[in-house]
Amino acid sequence: MTLNNSQLKNKLIAPIIIGVIILLTSLIFTILDALSIDEFMPIKPGETKYVYSTMHNLLGPAYDLFYFTFQTNFFLGICFIIFGIHHGQKYADTLFVVSICYITITFLLFWAAIAPVSALYKWKTPYWTINNVFMHLVNPLYGFVYFGIIKNKLHIDAKIIRWCSLYLPLFVILAAIIYATGSYSEIDQSTGELINYHCYIYKFLDFKEPLFIPFSENLMWLAMLVDIVILLISPYLFLEIAWLFIKLLKIDMDGSIFKFKKIKQYIQIENQRIKK
């Protein structure tokens, strides 16, 4: 079935509108957070304390921009717009798929690793709930639904996919720099107790307690080993998600995400050369 000019125009306008909505939503919550609308969210019932004090003190009002959630939401919105303008070009199609893979990680990490350990009173806080529902559910759903609609029209490049996988280890390195820069210890003057303040972007990226594992002081070497493993496997998390989407949805792609075929061909060539 061929599309007339009006139908084609509508198909290009739709992702642009969705992209603008996602960008505006992300920008609004970034500004509201910068204005400290959640500054006096209760830590415990009856208490009032700044939730993001360490991150806020280190990074200033724009601290939201250092969260994986906000970065991937902004990236999703930008890629929607690029796709709407340059639909049919390989780089635009590939970046759109990349943005879907990263927003999938945002979606899965929040609902699997963050939401379950978030206290019930936080979910009863209207702003916190609205913010997280939009950034971790509504915006990702825009991507998932539209991705499902246009999956058969995509033509992507495996090389771009591989290069984009480097964002995850770079984010882990950024988190490590923020942790090292913003974490500190001080003695409580009233009790004399040593208090450690850990400046982590996400609790599971607390580099002394990675993946929520409370290592003792004499096992810090094991914590460091886990940190290194997280860094090394992070790009493969993205590549596995991309590979699953591409295989399950049968997306047209130039090249291969994983180089297994080339390795196999190289072994075959070497074996033939040895036999000669």
# chains A, B, ... in the order shown; residues from 1 in each chain; ligands from 1
$ residues_around --residues "Ala223 of chain A" --least-positions-apart "6" --cutoff "7 Å" --atoms "only C-alpha atoms" --output "PyMOL selection string"
chain A and resi 208-210+215
$ select_by_dssp --residues "segment 18-176 of chain A" --states "helix (DSSP H, G or I)" --output "NGL selection string"
:A and (18-34 or 53-66 or 68-86 or 90-117 or 120-123 or 126-153 or 158-164 or 167-176)
$ residues_around --residues "segment 123-136 of chain A" --least-positions-apart "3" --cutoff "7 Å" --atoms "only C-alpha atoms" --output "PyMOL selection string"
chain A and resi 29+69+73+106-107+110+120+139-140
$ closest_residue --among "A:Phe75, A:Gly148, A:Leu65, A:Ile213" --to "Leu248 of chain A" --atoms "only C-alpha atoms"
A:Gly148
$ closest_residue --among "A:Tyr167, A:Ile103, A:Trp243, A:Tyr179" --to "Val138 of chain A" --atoms "only C-alpha atoms"
A:Ile103
$ closest_residue --among "A:Ile230, A:Ala115, A:Leu35, A:Leu76" --to "Cys101 of chain A" --atoms "only C-alpha atoms"
A:Leu76
$ residues_around --residues "Leu232 of chain A" --least-positions-apart "5" --cutoff "12 Å" --atoms "only C-alpha atoms" --output "list in words"
Ser165, Leu166, Leu168, Pro169, Leu170, Val172, Ile173, Leu225, Val226, Asp227, Leu237 and Phe238 of chain A
$ write_last_selection --atoms "N, CA and C atoms" --output "PDB file, in the first residue's frame"
ATOM      1  N   SER A 165      26.773   1.858  22.742  1.00  0.00           N
ATOM      2  CA  SER A 165      26.836   1.059  23.970  1.00  0.00           C
ATOM      3  C   SER A 165      27.843   1.635  24.967  1.00  0.00           C
ATOM      4  N   LEU A 166      28.740   2.499  24.499  1.00  0.00           N
ATOM      5  CA  LEU A 166      29.768   3.071  25.373  1.00  0.00           C
ATOM      6  C   LEU A 166      29.194   4.073  26.372  1.00  0.00           C
ATOM      7  N   LEU A 168      26.845   3.623  28.563  1.00  0.00           N
ATOM      8  CA  LEU A 168      26.648   3.038  29.893  1.00  0.00           C
ATOM      9  C   LEU A 168      27.917   3.015  30.735  1.00  0.00           C
ATOM     10  N   PRO A 169      29.051   2.508  30.216  1.00  0.00           N
ATOM     11  CA  PRO A 169      30.269   2.577  31.045  1.00  0.00           C
ATOM     12  C   PRO A 169      30.693   4.007  31.353  1.00  0.00           C
ATOM     13  N   LEU A 170      30.460   4.923  30.414  1.00  0.00           N
ATOM     14  CA  LEU A 170      30.781   6.334  30.679  1.00  0.00           C
ATOM     15  C   LEU A 170      29.914   6.875  31.815  1.00  0.00           C
ATOM     16  N   VAL A 172      28.719   5.046  34.291  1.00  0.00           N
ATOM     17  CA  VAL A 172      29.247   4.442  35.519  1.00  0.00           C
ATOM     18  C   VAL A 172      30.486   5.212  35.994  1.00  0.00           C
ATOM     19  N   ILE A 173      31.337   5.604  35.054  1.00  0.00           N
ATOM     20  CA  ILE A 173      32.522   6.395  35.406  1.00  0.00           C
ATOM     21  C   ILE A 173      32.115   7.751  35.979  1.00  0.00           C
ATOM     22  N   LEU A 225      35.871  -5.022  43.311  1.00  0.00           N
ATOM     23  CA  LEU A 225      35.790  -6.016  42.246  1.00  0.00           C
ATOM     24  C   LEU A 225      34.398  -6.013  41.611  1.00  0.00           C
ATOM     25  N   VAL A 226      33.362  -5.916  42.437  1.00  0.00           N
ATOM     26  CA  VAL A 226      31.993  -5.835  41.919  1.00  0.00           C
ATOM     27  C   VAL A 226      31.820  -4.566  41.090  1.00  0.00           C
ATOM     28  N   ASP A 227      32.393  -3.456  41.556  1.00  0.00           N
ATOM     29  CA  ASP A 227      32.323  -2.192  40.804  1.00  0.00           C
ATOM     30  C   ASP A 227      32.944  -2.339  39.418  1.00  0.00           C
ATOM     31  N   LEU A 237      24.943  -5.068  28.652  1.00  0.00           N
ATOM     32  CA  LEU A 237      23.531  -4.978  29.033  1.00  0.00           C
ATOM     33  C   LEU A 237      22.749  -4.270  27.935  1.00  0.00           C
ATOM     34  N   PHE A 238      23.285  -3.150  27.469  1.00  0.00           N
ATOM     35  CA  PHE A 238      22.640  -2.412  26.378  1.00  0.00           C
ATOM     36  C   PHE A 238      22.609  -3.247  25.101  1.00  0.00           C
TER      37      PHE A 238
END
$ select_by_dssp --residues "segment 9-244 of chain A" --states "strand (DSSP E or B)" --output "compact mmCIF listing (two decimals) with C-alpha atoms, in the first residue's frame"
# COMPACT_ATOMS: atom_id res chain seq x y z
CA HIS A 155 16.65 0.14 8.76
CA ILE A 156 19.50 0.40 11.25
CA ASP A 157 23.29 0.17 11.44
CA TYR A 184 32.49 12.62 52.99
CA SER A 185 32.48 11.73 56.68
CA GLU A 186 31.95 13.87 59.78
CA ILE A 187 31.54 13.38 63.51
CA LEU A 194 31.13 9.04 62.76
CA ILE A 195 28.57 9.63 60.01
CA ASN A 196 29.31 8.72 56.38
CA TYR A 197 27.58 10.68 53.64
$ residues_around --residues "Ile246 of chain A" --least-positions-apart "4" --cutoff "12 Å" --atoms "only C-alpha atoms" --output "ChimeraX atom specification"
/A:94,97-98,100-101,147-148,151-152,154-158,161,239-242,250-257
$ write_last_selection --atoms "N, CA and C atoms" --output "PDB file, in the first residue's frame"
ATOM      1  N   THR A  94      18.481   4.324  13.514  1.00  0.00           N
ATOM      2  CA  THR A  94      19.323   3.653  14.510  1.00  0.00           C
ATOM      3  C   THR A  94      19.290   4.385  15.843  1.00  0.00           C
ATOM      4  N   VAL A  97      16.166   3.576  17.730  1.00  0.00           N
ATOM      5  CA  VAL A  97      16.241   2.263  18.384  1.00  0.00           C
ATOM      6  C   VAL A  97      17.142   2.341  19.616  1.00  0.00           C
ATOM      7  N   VAL A  98      18.251   3.062  19.515  1.00  0.00           N
ATOM      8  CA  VAL A  98      19.156   3.239  20.659  1.00  0.00           C
ATOM      9  C   VAL A  98      18.411   3.893  21.825  1.00  0.00           C
ATOM     10  N   ILE A 100      15.245   3.823  22.451  1.00  0.00           N
ATOM     11  CA  ILE A 100      14.293   2.860  23.005  1.00  0.00           C
ATOM     12  C   ILE A 100      14.999   1.876  23.923  1.00  0.00           C
ATOM     13  N   CYS A 101      16.187   1.437  23.546  1.00  0.00           N
ATOM     14  CA  CYS A 101      16.956   0.500  24.383  1.00  0.00           C
ATOM     15  C   CYS A 101      17.329   1.141  25.717  1.00  0.00           C
ATOM     16  N   PHE A 147       7.402   2.572  18.793  1.00  0.00           N
ATOM     17  CA  PHE A 147       8.384   1.611  18.297  1.00  0.00           C
ATOM     18  C   PHE A 147       7.683   0.387  17.720  1.00  0.00           C
ATOM     19  N   GLY A 148       6.661  -0.083  18.427  1.00  0.00           N
ATOM     20  CA  GLY A 148       5.911  -1.229  17.941  1.00  0.00           C
ATOM     21  C   GLY A 148       5.171  -0.941  16.641  1.00  0.00           C
ATOM     22  N   LYS A 151       8.150  -0.498  13.660  1.00  0.00           N
ATOM     23  CA  LYS A 151       9.309  -1.413  13.681  1.00  0.00           C
ATOM     24  C   LYS A 151       9.652  -1.972  12.301  1.00  0.00           C
ATOM     25  N   ASN A 152       8.639  -2.244  11.471  1.00  0.00           N
ATOM     26  CA  ASN A 152       8.885  -2.843  10.158  1.00  0.00           C
ATOM     27  C   ASN A 152       9.421  -1.858   9.132  1.00  0.00           C
ATOM     28  N   LEU A 154      11.930   0.294   9.887  1.00  0.00           N
ATOM     29  CA  LEU A 154      13.252   0.736  10.338  1.00  0.00           C
ATOM     30  C   LEU A 154      14.360  -0.004   9.592  1.00  0.00           C
ATOM     31  N   HIS A 155      15.441   0.729   9.347  1.00  0.00           N
ATOM     32  CA  HIS A 155      16.651   0.137   8.762  1.00  0.00           C
ATOM     33  C   HIS A 155      17.835   0.723   9.528  1.00  0.00           C
ATOM     34  N   ILE A 156      18.512  -0.116  10.308  1.00  0.00           N
ATOM     35  CA  ILE A 156      19.502   0.396  11.252  1.00  0.00           C
ATOM     36  C   ILE A 156      20.899  -0.131  10.961  1.00  0.00           C
ATOM     37  N   ASP A 157      21.880   0.482  11.644  1.00  0.00           N
ATOM     38  CA  ASP A 157      23.290   0.171  11.436  1.00  0.00           C
ATOM     39  C   ASP A 157      23.884  -0.408  12.721  1.00  0.00           C
ATOM     40  N   ALA A 158      24.411  -1.612  12.656  1.00  0.00           N
ATOM     41  CA  ALA A 158      24.974  -2.282  13.832  1.00  0.00           C
ATOM     42  C   ALA A 158      26.175  -1.524  14.400  1.00  0.00           C
ATOM     43  N   ILE A 161      25.021   1.117  16.725  1.00  0.00           N
ATOM     44  CA  ILE A 161      24.546   0.467  17.947  1.00  0.00           C
ATOM     45  C   ILE A 161      25.720   0.165  18.876  1.00  0.00           C
ATOM     46  N   LEU A 239      23.719  -3.875  24.753  1.00  0.00           N
ATOM     47  CA  LEU A 239      23.793  -4.652  23.513  1.00  0.00           C
ATOM     48  C   LEU A 239      22.841  -5.848  23.532  1.00  0.00           C
ATOM     49  N   GLU A 240      22.682  -6.478  24.688  1.00  0.00           N
ATOM     50  CA  GLU A 240      21.758  -7.610  24.793  1.00  0.00           C
ATOM     51  C   GLU A 240      20.317  -7.158  24.580  1.00  0.00           C
ATOM     52  N   ILE A 241      19.960  -6.014  25.164  1.00  0.00           N
ATOM     53  CA  ILE A 241      18.604  -5.490  24.973  1.00  0.00           C
ATOM     54  C   ILE A 241      18.381  -5.132  23.516  1.00  0.00           C
ATOM     55  N   ALA A 242      19.383  -4.479  22.897  1.00  0.00           N
ATOM     56  CA  ALA A 242      19.270  -4.126  21.477  1.00  0.00           C
ATOM     57  C   ALA A 242      19.128  -5.385  20.622  1.00  0.00           C
ATOM     58  N   LYS A 250      12.331  -8.480  14.416  1.00  0.00           N
ATOM     59  CA  LYS A 250      12.811  -8.667  13.051  1.00  0.00           C
ATOM     60  C   LYS A 250      13.086  -7.338  12.341  1.00  0.00           C
ATOM     61  N   ILE A 251      13.880  -6.511  13.019  1.00  0.00           N
ATOM     62  CA  ILE A 251      14.242  -5.201  12.472  1.00  0.00           C
ATOM     63  C   ILE A 251      15.380  -5.358  11.464  1.00  0.00           C
ATOM     64  N   ASP A 252      15.265  -4.688  10.353  1.00  0.00           N
ATOM     65  CA  ASP A 252      16.276  -4.754   9.300  1.00  0.00           C
ATOM     66  C   ASP A 252      17.544  -4.042   9.759  1.00  0.00           C
ATOM     67  N   MET A 253      18.684  -4.742   9.694  1.00  0.00           N
ATOM     68  CA  MET A 253      19.933  -4.159  10.195  1.00  0.00           C
ATOM     69  C   MET A 253      21.097  -4.522   9.290  1.00  0.00           C
ATOM     70  N   ASP A 254      21.970  -3.549   9.057  1.00  0.00           N
ATOM     71  CA  ASP A 254      23.225  -3.777   8.347  1.00  0.00           C
ATOM     72  C   ASP A 254      24.293  -4.174   9.353  1.00  0.00           C
ATOM     73  N   GLY A 255      24.973  -5.283   9.116  1.00  0.00           N
ATOM     74  CA  GLY A 255      26.023  -5.736  10.014  1.00  0.00           C
ATOM     75  C   GLY A 255      25.474  -6.559  11.161  1.00  0.00           C
ATOM     76  N   SER A 256      26.344  -6.833  12.121  1.00  0.00           N
ATOM     77  CA  SER A 256      25.987  -7.649  13.277  1.00  0.00           C
ATOM     78  C   SER A 256      26.437  -6.953  14.554  1.00  0.00           C
ATOM     79  N   ILE A 257      25.579  -6.984  15.562  1.00  0.00           N
ATOM     80  CA  ILE A 257      25.925  -6.352  16.837  1.00  0.00           C
ATOM     81  C   ILE A 257      27.117  -7.051  17.472  1.00  0.00           C
TER      82      ILE A 257
END
$ atom_distance --atom1 "atom CA of Tyr142 of chain A" --atom2 "atom CA of Ile13 of chain A"
14.5 Å
$ residues_around --residues "Ile177 of chain A" --least-positions-apart "5" --cutoff "12 Å" --atoms "only C-alpha atoms" --output "PyMOL selection string"
chain A and resi 58-59+66+170-172+182-183+199-201+205-207
